[in-house]
Structures are given as structure tokens and as C-alpha cells.
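Structure file structure-v9.txt (compact mmCIF, C-alpha atoms) follows.
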```txt
# COMPACT_ATOMS: atom_id res chain seq x y z
CA MET A 1364 6.77 57.52 -12.51
CA ARG A 1365 7.12 54.88 -15.23
CA VAL A 1366 10.48 54.08 -16.76
CA GLY A 1367 11.00 52.17 -19.98
CA SER A 1368 13.75 51.49 -22.48
CA PHE A 1369 14.12 53.06 -25.92
CA VAL A 1370 15.39 50.53 -28.49
CA LEU A 1371 16.75 51.54 -31.88
CA GLY A 1372 18.54 48.40 -32.99
CA ALA A 1373 21.53 50.67 -33.53
CA GLN A 1374 24.25 49.29 -35.81
CA PHE A 1375 27.61 50.35 -34.41
CA PRO A 1376 30.75 50.39 -36.59
CA GLY A 1377 32.01 46.87 -37.23
CA GLN A 1378 28.69 45.23 -36.36
CA GLY A 1379 26.28 43.43 -38.64
CA GLN A 1380 22.59 44.19 -38.87
CA GLY A 1381 21.64 40.85 -37.37
CA GLU A 1382 23.85 41.57 -34.37
CA ALA A 1383 22.13 44.92 -33.86
CA LEU A 1384 18.67 43.38 -34.01
CA HIS A 1385 19.62 40.51 -31.70
CA ARG A 1386 20.79 43.06 -29.12
CA ALA A 1387 17.52 44.97 -29.56
CA VAL A 1388 15.40 41.88 -28.92
CA ARG A 1389 17.52 40.67 -26.03
CA SER A 1390 17.52 44.07 -24.33
CA ALA A 1391 13.73 44.12 -24.49
CA GLU A 1392 13.48 40.67 -22.92
CA VAL A 1393 15.82 41.76 -20.13
CA ALA A 1394 13.75 44.92 -19.64
CA GLU A 1395 10.77 42.79 -18.65
CA GLU A 1396 12.93 40.68 -16.32
CA ALA A 1397 14.30 43.86 -14.73
CA GLY A 1398 10.87 45.31 -13.99
CA LEU A 1399 10.80 48.17 -16.50
CA ASP A 1400 7.41 49.50 -17.53
CA THR A 1401 7.67 49.76 -21.32
CA VAL A 1402 9.88 49.00 -24.28
CA TRP A 1403 9.69 51.73 -26.95
CA LEU A 1404 10.80 50.70 -30.45
CA ALA A 1405 12.20 53.08 -33.05
CA GLU A 1406 11.69 52.76 -36.80
CA HIS A 1407 14.12 53.76 -39.55
CA HIS A 1408 14.60 52.94 -43.23
CA PHE A 1409 17.80 52.35 -45.18
CA VAL A 1410 20.22 53.61 -42.51
CA PRO A 1411 22.40 51.93 -39.83
CA TYR A 1412 21.26 54.52 -37.29
CA GLY A 1413 18.44 52.06 -36.58
CA THR A 1414 18.03 48.67 -38.24
CA CYS A 1415 14.32 48.15 -37.45
CA PRO A 1416 12.23 49.17 -40.50
CA SER A 1417 8.89 48.24 -38.92
CA ALA A 1418 8.31 49.04 -35.26
CA VAL A 1419 4.89 47.33 -35.26
CA THR A 1420 6.41 44.10 -36.58
CA LEU A 1421 9.10 44.06 -33.91
CA ALA A 1422 6.45 44.98 -31.33
CA ALA A 1423 4.45 41.90 -32.34
CA LEU A 1424 7.48 39.69 -31.79
CA LEU A 1425 8.22 41.18 -28.38
CA LEU A 1426 4.61 41.06 -27.23
CA GLY A 1427 4.66 37.36 -28.03
CA ARG A 1428 7.87 36.81 -26.09
CA THR A 1429 6.82 38.75 -22.98
CA ARG A 1430 3.93 38.57 -20.55
CA ARG A 1431 3.85 41.80 -18.53
CA ILE A 1432 5.73 44.67 -20.10
CA ARG A 1433 4.07 47.22 -22.37
CA VAL A 1434 5.49 47.57 -25.89
CA GLY A 1435 5.19 50.77 -27.91
CA THR A 1436 6.37 52.21 -31.21
CA ALA A 1437 8.55 55.30 -31.03
CA VAL A 1438 7.57 55.88 -33.65
CA SER A 1439 5.68 54.42 -36.57
CA VAL A 1440 6.28 56.92 -39.39
CA LEU A 1441 2.86 57.90 -40.74
CA PRO A 1442 3.86 59.41 -44.12
CA THR A 1443 5.34 56.07 -45.24
CA VAL A 1444 2.36 53.85 -44.43
CA HIS A 1445 -1.37 53.87 -45.11
CA PRO A 1446 -3.14 54.95 -41.90
CA VAL A 1447 -5.73 52.18 -42.16
CA ALA A 1448 -3.04 49.51 -42.51
CA LEU A 1449 -1.30 50.89 -39.42
CA GLY A 1450 -4.63 51.13 -37.58
CA GLU A 1451 -5.40 47.50 -38.36
CA GLN A 1452 -2.01 46.40 -37.05
CA ALA A 1453 -2.38 48.49 -33.90
CA ALA A 1454 -5.85 47.10 -33.24
CA LEU A 1455 -4.62 43.55 -33.78
CA LEU A 1456 -1.74 44.00 -31.32
CA HIS A 1457 -4.00 45.66 -28.76
CA VAL A 1458 -6.56 42.84 -28.86
CA THR A 1459 -4.13 39.92 -28.92
CA SER A 1460 -1.76 41.30 -26.25
CA GLY A 1461 -4.44 42.07 -23.68
CA GLY A 1462 -3.99 45.82 -24.08
CA ARG A 1463 -0.18 45.97 -23.73
CA PHE A 1464 0.48 47.87 -26.97
CA SER A 1465 1.03 51.62 -27.39
CA LEU A 1466 1.05 53.26 -30.82
CA GLY A 1467 3.53 56.09 -31.14
CA VAL A 1468 3.36 57.99 -34.43
CA GLY A 1469 5.39 60.77 -36.03
CA ARG A 1470 6.15 62.64 -39.24
CA GLY A 1471 9.63 61.24 -39.73
CA GLY A 1472 11.88 63.39 -41.91
CA PRO A 1473 12.20 64.60 -45.51
CA TRP A 1474 14.11 61.45 -46.38
CA VAL A 1475 14.28 59.29 -49.49
CA ASP A 1476 11.76 57.01 -47.74
CA LEU A 1477 9.05 59.29 -49.14
CA GLU A 1478 10.20 58.48 -52.67
CA VAL A 1479 10.58 54.75 -52.11
CA PHE A 1480 7.13 54.34 -50.57
CA GLY A 1481 5.47 56.69 -53.01
CA ALA A 1482 4.15 59.11 -50.40
CA GLY A 1483 5.86 62.22 -51.75
CA LEU A 1484 7.12 65.27 -49.90
CA GLU A 1485 3.63 66.67 -49.38
CA ALA A 1486 2.74 63.73 -47.13
CA TYR A 1487 5.58 64.82 -44.84
CA GLU A 1488 5.05 68.57 -45.05
CA LYS A 1489 1.23 68.76 -44.94
CA GLY A 1490 -0.38 65.35 -44.64
CA PHE A 1491 0.41 64.30 -41.06
CA PRO A 1492 -2.74 65.68 -39.33
CA ASP A 1493 -5.09 64.02 -41.83
CA SER A 1494 -3.24 60.70 -41.56
CA LEU A 1495 -3.33 60.91 -37.77
CA ASP A 1496 -7.06 61.60 -37.76
CA LEU A 1497 -7.71 58.60 -40.00
CA VAL A 1498 -5.74 56.32 -37.65
CA LEU A 1499 -7.68 57.68 -34.67
CA ARG A 1500 -11.02 57.12 -36.38
CA TRP A 1501 -10.01 53.55 -37.19
CA LEU A 1502 -9.18 52.88 -33.56
CA ARG A 1503 -12.37 54.46 -32.19
CA GLU A 1504 -15.21 53.89 -34.66
CA PRO A 1505 -17.01 50.70 -35.80
CA ALA A 1506 -16.81 51.62 -39.50
CA VAL A 1507 -14.68 54.14 -41.40
CA GLY A 1508 -14.74 55.81 -44.81
CA ALA A 1509 -12.70 58.68 -46.25
CA SER A 1510 -13.36 61.45 -48.76
CA GLY A 1511 -10.23 63.61 -48.49
CA ASP A 1512 -7.66 64.60 -51.08
CA ARG A 1513 -5.17 61.84 -50.23
CA PHE A 1514 -7.41 59.10 -48.85
CA ARG A 1515 -10.73 58.33 -50.50
CA PHE A 1516 -12.64 55.08 -50.00
CA ARG A 1517 -16.13 53.80 -49.22
CA GLU A 1518 -17.08 52.99 -45.64
CA VAL A 1519 -15.75 49.65 -44.44
CA PRO A 1520 -16.11 47.85 -41.10
CA VAL A 1521 -13.24 47.92 -38.62
CA VAL A 1522 -12.00 44.36 -38.06
CA PRO A 1523 -10.84 43.62 -35.44
CA ARG A 1524 -12.34 46.40 -33.38
CA PRO A 1525 -10.01 47.48 -30.56
CA SER A 1526 -12.99 47.60 -28.19
CA GLU A 1527 -13.34 43.83 -28.60
CA SER A 1528 -10.25 43.29 -26.49
CA LEU A 1529 -10.95 41.56 -23.20
CA THR A 1530 -9.52 44.54 -21.29
CA GLU A 1531 -10.88 47.71 -19.76
CA GLY A 1532 -9.24 49.91 -22.39
CA ALA A 1533 -11.27 50.76 -25.48
CA GLY A 1534 -8.18 50.75 -27.67
CA PRO A 1535 -4.42 51.28 -27.72
CA GLU A 1536 -3.10 54.60 -26.51
CA VAL A 1537 -1.73 56.86 -29.24
CA VAL A 1538 1.34 59.01 -28.58
CA VAL A 1539 2.65 61.71 -30.94
CA ALA A 1540 6.33 62.55 -31.41
CA CYS A 1541 6.59 66.33 -31.14
CA THR A 1542 9.55 68.43 -32.25
CA SER A 1543 7.89 71.73 -33.20
CA PRO A 1544 5.08 74.05 -32.00
CA SER A 1545 2.85 72.83 -34.84
CA SER A 1546 3.22 69.17 -33.83
CA VAL A 1547 2.59 70.11 -30.19
CA ARG A 1548 -0.65 71.77 -31.26
CA THR A 1549 -1.64 68.77 -33.38
CA ALA A 1550 -1.24 66.45 -30.39
CA ALA A 1551 -2.89 68.80 -27.89
CA GLU A 1552 -6.01 69.48 -29.93
CA ARG A 1553 -6.63 65.73 -30.06
CA GLY A 1554 -5.76 65.18 -26.40
CA LEU A 1555 -2.85 62.90 -27.26
CA PRO A 1556 0.30 62.68 -25.11
CA MET A 1557 3.64 63.74 -26.56
CA LEU A 1558 6.89 61.88 -27.02
CA LEU A 1559 9.69 64.44 -26.61
CA GLY A 1560 13.14 63.81 -28.03
CA MET A 1561 16.42 63.17 -26.25
CA HIS A 1562 18.10 66.15 -27.93
CA VAL A 1563 16.31 68.74 -25.76
CA GLY A 1564 16.67 69.42 -22.05
CA ASP A 1565 14.25 69.93 -19.20
CA GLU A 1566 13.62 73.63 -19.84
CA GLU A 1567 12.56 73.14 -23.45
CA LYS A 1568 10.48 70.09 -22.57
CA ALA A 1569 8.72 72.07 -19.83
CA GLU A 1570 7.92 74.79 -22.38
CA MET A 1571 6.48 72.21 -24.78
CA VAL A 1572 4.32 70.70 -22.02
CA ALA A 1573 3.05 74.18 -21.12
CA LEU A 1574 2.28 74.90 -24.78
CA TRP A 1575 0.47 71.55 -25.08
CA ARG A 1576 -1.68 72.41 -22.07
CA ARG A 1577 -2.62 75.81 -23.50
CA HIS A 1578 -3.67 74.30 -26.82
CA ALA A 1579 -5.53 71.46 -25.10
CA ARG A 1580 -7.52 73.91 -22.94
CA ALA A 1581 -8.29 76.06 -25.98
CA ALA A 1582 -9.56 72.95 -27.80
CA GLY A 1583 -11.88 72.15 -24.89
CA ARG A 1584 -10.14 68.99 -23.74
CA PRO A 1585 -11.31 67.74 -20.31
CA SER A 1586 -9.27 68.98 -17.35
CA ALA A 1587 -8.54 65.42 -16.18
CA GLN A 1588 -7.17 64.54 -19.61
CA ILE A 1589 -4.89 67.57 -19.52
CA ARG A 1590 -3.70 66.82 -16.00
CA ASP A 1591 -3.04 63.12 -16.63
CA ALA A 1592 -1.72 63.35 -20.18
CA GLY A 1593 1.18 60.92 -19.65
CA HIS A 1594 3.80 62.58 -21.84
CA VAL A 1595 6.98 60.58 -22.53
CA SER A 1596 10.53 61.94 -22.31
CA ALA A 1597 13.20 60.21 -24.38
CA GLY A 1598 16.74 60.15 -23.06
CA VAL A 1599 19.94 58.16 -22.61
CA CYS A 1600 20.77 56.03 -19.58
CA GLN A 1601 24.15 54.54 -18.80
CA ILE A 1602 24.89 53.28 -15.29
CA ALA A 1603 28.30 52.83 -13.71
CA ASP A 1604 29.72 53.23 -10.23
CA ARG A 1605 31.44 56.45 -11.33
CA ARG A 1606 30.02 59.06 -13.66
CA THR A 1607 33.27 59.30 -15.61
CA ASP A 1608 33.11 55.58 -16.38
CA ALA A 1609 29.51 55.79 -17.57
CA ALA A 1610 30.24 58.78 -19.80
CA GLU A 1611 33.41 57.19 -21.14
CA SER A 1612 31.55 54.07 -22.30
CA LEU A 1613 29.17 56.26 -24.30
CA LEU A 1614 31.86 58.60 -25.65
CA LYS A 1615 33.82 55.60 -26.95
CA ALA A 1616 30.92 54.05 -28.84
CA MET A 1617 28.16 56.53 -29.67
CA PRO A 1618 30.04 59.07 -31.86
CA GLY A 1619 31.01 56.38 -34.38
CA TRP A 1620 27.43 55.09 -34.51
CA LEU A 1621 25.99 58.60 -34.83
CA ARG A 1622 28.46 59.55 -37.56
CA GLN A 1623 27.79 56.59 -39.82
CA GLY A 1624 24.08 56.44 -38.98
CA LEU A 1625 23.16 60.09 -39.46
CA ASP A 1626 25.40 60.57 -42.49
CA ALA A 1627 23.47 57.81 -44.26
CA HIS A 1628 20.24 59.85 -44.36
CA ILE A 1629 19.43 61.13 -47.86
CA THR A 1630 16.89 63.89 -48.39
CA VAL A 1631 14.20 63.27 -50.97
CA ASP A 1632 14.52 66.71 -52.56
CA GLY A 1633 18.24 67.34 -52.24
CA ARG A 1634 17.89 69.92 -49.48
CA ALA A 1635 21.03 70.61 -47.48
CA ARG A 1636 21.35 69.04 -44.04
CA GLN A 1637 23.30 70.35 -41.08
CA MET A 1638 24.30 67.45 -38.88
CA ARG A 1639 25.42 67.71 -35.26
CA ASP A 1640 29.01 66.96 -34.36
CA PRO A 1641 28.74 63.34 -33.07
CA TYR A 1642 31.18 63.72 -30.19
CA ALA A 1643 29.71 67.03 -28.99
CA TYR A 1644 26.21 65.59 -29.29
CA THR A 1645 27.19 62.59 -27.15
CA GLU A 1646 28.65 64.93 -24.55
CA LEU A 1647 25.40 66.90 -24.57
CA LEU A 1648 23.36 63.74 -24.02
CA CYS A 1649 25.62 62.70 -21.14
CA GLY A 1650 24.95 66.06 -19.51
CA LEU A 1651 21.20 66.04 -20.02
CA HIS A 1652 20.30 62.51 -19.00
CA PRO A 1653 20.85 59.83 -16.32
CA VAL A 1654 24.47 58.89 -16.96
CA GLY A 1655 26.44 57.85 -13.89
CA PRO A 1656 25.89 56.07 -10.54
CA PRO A 1657 22.40 54.80 -9.67
CA ARG A 1658 21.72 57.60 -7.15
CA LEU A 1659 22.62 60.27 -9.71
CA CYS A 1660 20.44 58.58 -12.34
CA ALA A 1661 17.45 58.43 -10.00
CA ASP A 1662 17.91 62.06 -8.98
CA ARG A 1663 18.14 63.19 -12.59
CA LEU A 1664 14.96 61.36 -13.58
CA ALA A 1665 13.14 62.76 -10.55
CA ALA A 1666 14.36 66.27 -11.33
CA THR A 1667 13.15 66.02 -14.93
CA GLY A 1668 9.77 64.88 -13.69
CA GLU A 1669 9.53 67.79 -11.26
CA ARG A 1670 10.66 70.41 -13.79
CA THR A 1671 8.53 69.24 -16.68
CA GLY A 1672 5.56 67.39 -15.22
CA ILE A 1673 6.49 64.38 -17.36
CA SER A 1674 5.92 61.03 -15.68
CA ARG A 1675 7.14 58.53 -18.29
CA PHE A 1676 10.61 57.92 -19.68
CA ALA A 1677 12.01 56.07 -22.70
CA LEU A 1678 15.72 55.59 -22.09
CA LEU A 1679 18.27 54.52 -24.69
CA VAL A 1680 20.15 51.71 -22.93
CA GLU A 1681 22.25 50.35 -25.82
CA GLY A 1682 24.65 53.30 -26.06
CA SER A 1683 27.71 51.15 -25.33
CA GLY A 1684 27.02 49.09 -28.45
CA ASP A 1685 27.83 45.89 -26.57
CA LEU A 1686 25.26 43.19 -25.81
CA ALA A 1687 26.60 42.12 -22.41
CA ALA A 1688 27.06 45.74 -21.31
CA THR A 1689 23.55 46.59 -22.49
CA GLU A 1690 22.03 43.72 -20.53
CA GLU A 1691 23.93 44.78 -17.41
CA ASN A 1692 22.82 48.38 -17.92
CA VAL A 1693 19.16 47.35 -18.10
CA ARG A 1694 19.44 45.11 -15.05
CA ARG A 1695 21.07 47.86 -12.99
CA LEU A 1696 18.38 50.29 -14.10
CA GLY A 1697 15.74 47.92 -12.78
CA ALA A 1698 17.53 46.82 -9.61
CA GLU A 1699 19.31 49.99 -8.49
CA VAL A 1700 17.47 52.98 -9.98
CA LEU A 1701 13.79 52.11 -10.12
CA PRO A 1702 13.48 51.30 -6.37
CA GLN A 1703 14.74 54.80 -5.57
CA LEU A 1704 11.98 56.30 -7.71
CA ARG A 1705 9.13 54.19 -6.35
```
Hey, can you dump this file as C-alpha cells for me?
Amino acid sequence: MRVGSFVLGAQFPGQGQGEALHRAVRSAEVAEEAGLDTVWLAEHHFVPYGTCPSAVTLAALLLGRTRRIRVGTAVSVLPTVHPVALGEQAALLHVTSGGRFSLGVGRGGPWVDLEVFGAGLEAYEKGFPDSLDLVLRWLREPAVGASGDRFRFREVPVVPRPSESLTEGAGPEVVVACTSPSSVRTAAERGLPMLLGMHVGDEEKAEMVALWRRHARAAGRPSAQIRDAGHVSAGVCQIADRRTDAAESLLKAMPGWLRQGLDAHITVDGRARQMRDPYAYTELLCGLHPVGPPRLCADRLAATGERTGISRFALLVEGSGDLAATEENVRRLGAEVLPQLR
């Protein structure tokens, strides 16, 4: 079982954006000190829900500041970036970090981002599989050209080639954020592991893993690849000596962040949005994920692994909104929870 942190650079009420990003960077540095496996970095545009607009850029900074821990994007939003540009960045980070970079990709949402970056709604609704395939080709082939409807260019050499890294891996792993049966199928047919969101519980995640396996078998993926897929479960982690204290720290801080962060999203086409109640959503997360004493947190992670077959975790550790509390939370995760899992 591999446990990592999930970093959004969340801007809580009353905080500045620089404060949020400083906490994000510091929590990642502490994650390496604490023995965590991976730091997963979220990406958002124009909203205080997350103040990091480029997960690959922040990943480059953190890879330079660390020596052991893996750094991944969770996720780079494909409809708002050219797949070749993202592929070049991923290859560069893979080669220069000694293979410590993971590329997580996703569709994002129907937000105004699509207007600002000129992608249009169709890139979100229909274009994700083609963009994903172009990224994969860039990371696996020596030269790439395109002749599709959205991307059309002559064949060009891949520089730097991921296989030129002085590591055993041919290139960075690619993980796909999955929130629907269609995205599960997209990932499975390509043999790519899933990143499953914190808003769903073990039962739904187990169903998505089972669906992924069915699609992967139907697509002829190797049995070993299906067995060892390495899916990632996102969640929340808050450690305290008593469960009530851990939950209270989240219930005091997270609803205000969720309210201002989620309300700031603007749809590109004016479609209506139905947002979760922030307090009820925080309560749900406290019930689904490792929130409480170290023994409870370890048991909950182990139970999720047993129920779903998922072996990797990306845990939101900044839910208190406070830098010192976040650092303590990460250190306790490493010192008091991980040993019980290993």
C-alpha cells in the first residue's frame, strides 16, 4: 500500500493566494520528510478552490526541492492545453527527475476555462479520448504526427524522449481521473490506472474498479496489467487523538473554503449547476475517509484497500487551512499511520 498527499493549494476565507501556495509547497516538503510515497497536485483556474493553475509547473518546483518522493499531477486538465505541450513537459520532468514524475490527466469541467483558452465546449464533451491518445503517443513513440479534426501537424521528433531517462521506466506513468462509466472505459481500454474522487465511497469505487477490469479484459489488456493496475483513491485525512477533534477541525474550516471555492466556478455555456451543501459535504468526507486517531485512520485505509482492490491513496491533508496544523497532520500520517499499514 502506498500513501501520498493530495495538495490543492486551497485558499481558505481570509487567506491570500500566496499563503495558500506556500502551505502547498511546505506540505509537500514535509511529506517527503515524513516518508509518504507521492505528492499529488491539483490544477484549477480562476477560483480559490485551488490556487495552482499549472500542476506540471508546481511539480517541477517540488521535484527540484525533493530527492525521493514521487510527484504527480491530479490532474492536468487536457481540454485546456495542447497534448503535445503537456507531453513535452511530462517527458522533461520524467527524464530530469530520474523517473519520479506521474502524469495524471482529466477532462476538467464545463467551466469558463474552455473559453479563455480557446478550446471550446466540444473539447470537454468529445475531445478527451483523442487528446489522451496524442499524449500517450508522444510519451511512447520516437516521432509523432497528427491528422485528426482538432490536431493536424506533420511528423516531428519527440525531444526529449522519455526512454532516454537513466531509469528502468520507459516513460512517466499516466493516470486518468474517472468520474463516469465512459471515462472508466477510456482508461481501461488503454490499460491506464484510474484516479477516483474523494466524493464517492468504497462501494462505488469497487464498482468502478470492477467495470475497469471488464473493459480492460474486453480490450485484450494483459492479465498482469489488469491485476497490478495501481488505481489511486483520493480522500481526506485528518489525524487527532480523538475522532471528534479531527472532525471538528475540518468542520470549522472546510465548509467556508468549499462555499467560496465552488461558488466561484462559472460554466462556459450558462448551464445551471447544483452545488453540494458545504457543511453536509464535509460531514460526508469525515465519514468516508481516515479522520480520527491513527489506529482508526490505518484501519480505514486498510478497509478501503480490501473492499476496492485499490493500493494507492492521495489524501487531502490541508483541510484545517492552517500551515502548522497541516505540517503536524502530515508528520503524524507518516509517523503514526504508515507503520501500521506496512
Next item on the list: Calculate how many Å separate atom CA of Val1410 of chain A from atom CA of Phe1491 of chain A, rounding to one decimal.
Entry: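 These two atoms are separated by 22.6 Å.
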Notebook entry, point to check: From the set A:Arg1513, A:His1594, A:Arg1431, A:Arg1639, which residue has the shortest atom-to-atom contact distance to Gly1467 of chain A, counting only C-alpha atoms?
Noted result: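 Ranking A:Arg1513, A:His1594, A:Arg1431, A:Arg1639 by distance to Gly1467 of chain A, first place goes to A:His1594.
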Distance query Pro1523 of chain A at most 8 Å, all atoms listed in the file, self and fewer than 3 positions along chain excluded, as a PDB file with C-alpha atoms, in the frame of the given file:
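result_17.pdb, freshly written:
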```
ATOM      1  CA  GLU A1451      -5.400  47.500 -38.360  1.00  0.00           C
ATOM      2  CA  ALA A1454      -5.850  47.100 -33.240  1.00  0.00           C
ATOM      3  CA  LEU A1455      -4.620  43.550 -33.780  1.00  0.00           C
ATOM      4  CA  VAL A1458      -6.560  42.840 -28.860  1.00  0.00           C
ATOM      5  CA  GLU A1527     -13.340  43.830 -28.600  1.00  0.00           C
TER       6      GLU A1527
END
```
Item checked: Two-atom distance - atom CA of Asp1626 of chain A, atom CA of Trp1474 of chain A (Å) ->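 According to the coordinates, atom CA of Asp1626 of chain A and atom CA of Trp1474 of chain A are separated by 12.0 Å.
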Notebook entry, point to check: How far is it from atom CA of Gly1655 of chain A to atom CA of Leu1613 of chain A, in Å with one decimal?
Noted result: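 It comes out at 10.9 Å.
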Next item on the list: Pull the neighbourhood of (21.1, 63.5, -34.8) for me: all residues within 8 Å in file coordinates, counting only C-alpha atoms, as JSON, numbers by chain.
Entry: {"A": [1562, 1621, 1625, 1638, 1639, 1641, 1644]}
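Nearest residue to Arg1622 of chain A, choosing from A:Gln1374, A:Thr1542, A:Thr1549, A:Ser1390 and counting all atoms listed in the file: A:Gln1374.
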Next item on the list: Just give me the residues with any atom within 9 Å of (6.3, 70.5, -21.1), file coordinates, counting all atoms listed in the file, written as a ChimeraX atom specification.
Entry: /A:1559,1565-1576,1594,1670-1673
Keeping C-alpha atoms, export the residues of the selection given above as a CSV table (one decimal), in the coordinates of the input.
```csv
chain,number,residue,atom,x,y,z
A,1559,LEU,CA,9.7,64.4,-26.6
A,1565,ASP,CA,14.2,69.9,-19.2
A,1566,GLU,CA,13.6,73.6,-19.8
A,1567,GLU,CA,12.6,73.1,-23.4
A,1568,LYS,CA,10.5,70.1,-22.6
A,1569,ALA,CA,8.7,72.1,-19.8
A,1570,GLU,CA,7.9,74.8,-22.4
A,1571,MET,CA,6.5,72.2,-24.8
A,1572,VAL,CA,4.3,70.7,-22.0
A,1573,ALA,CA,3.0,74.2,-21.1
A,1574,LEU,CA,2.3,74.9,-24.8
A,1575,TRP,CA,0.5,71.6,-25.1
A,1576,ARG,CA,-1.7,72.4,-22.1
A,1594,HIS,CA,3.8,62.6,-21.8
A,1670,ARG,CA,10.7,70.4,-13.8
A,1671,THR,CA,8.5,69.2,-16.7
A,1672,GLY,CA,5.6,67.4,-15.2
A,1673,ILE,CA,6.5,64.4,-17.4
```
Notebook entry, point to check: With all atoms listed in the file as the basis for distance, which of A:Pro1585, A:Gly1427, A:Gly1564, A:Gly1462 is at the shortest distance from Thr1667 of chain A?
Noted result: A:Gly1564
Adding 5 Å on each side of the box along x, y and z that holds all listed atoms of segment 1582-1601 of chain A, could you give its centre and edge lengths in Å to one decimal, as lines of an AutoDock Vina configuration file?
```
center_x = 6.1
center_y = 63.7
center_z = -21.9
size_x = 46.0
size_y = 28.4
size_z = 21.8
```
Next item on the list: Using all atoms listed in the file, find the one residue out of A:Ser1683, A:Ser1528, A:Ser1612, A:Asn1692 that sits nearest to Ala1383 of chain A.
Entry: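 Using all atoms listed in the file, the shortest distance to Ala1383 of chain A belongs to A:Ser1683.
With only C-alpha atoms as the atoms that count, the residue of A:Gly1381, A:Pro1505, A:Gly1435, A:Gly1481 with the shortest distance to Phe1369 of chain A is A:Gly1435.
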Check: Of the candidates A:Gln1380, A:Ser1543, A:Thr1436, A:Thr1630, which one gets nearest to Leu1421 of chain A if we count all atoms listed in the file?
Finding: A:Thr1436
Checklist line | Contacts of segment 1412-1416 of chain A at 6 Å (only C-alpha atoms; same-chain gap of 2+ positions) as a list in words | finding: Leu1371, Gly1372, Ala1373, Glu1406, His1407, His1408, Val1410 and Gly1624 of chain A
Margin query: So that I can see what lies close to Arg1433 of chain A, please list as a list of chain:residue names the residues with an atom at most 8 Å from it, counting only C-alpha atoms and leaving out residues fewer than 3 positions away in the same chain.
Written below: A:Asp1400, A:Thr1401, A:Val1402, A:Leu1426, A:Arg1463, A:Phe1464, A:Ser1465
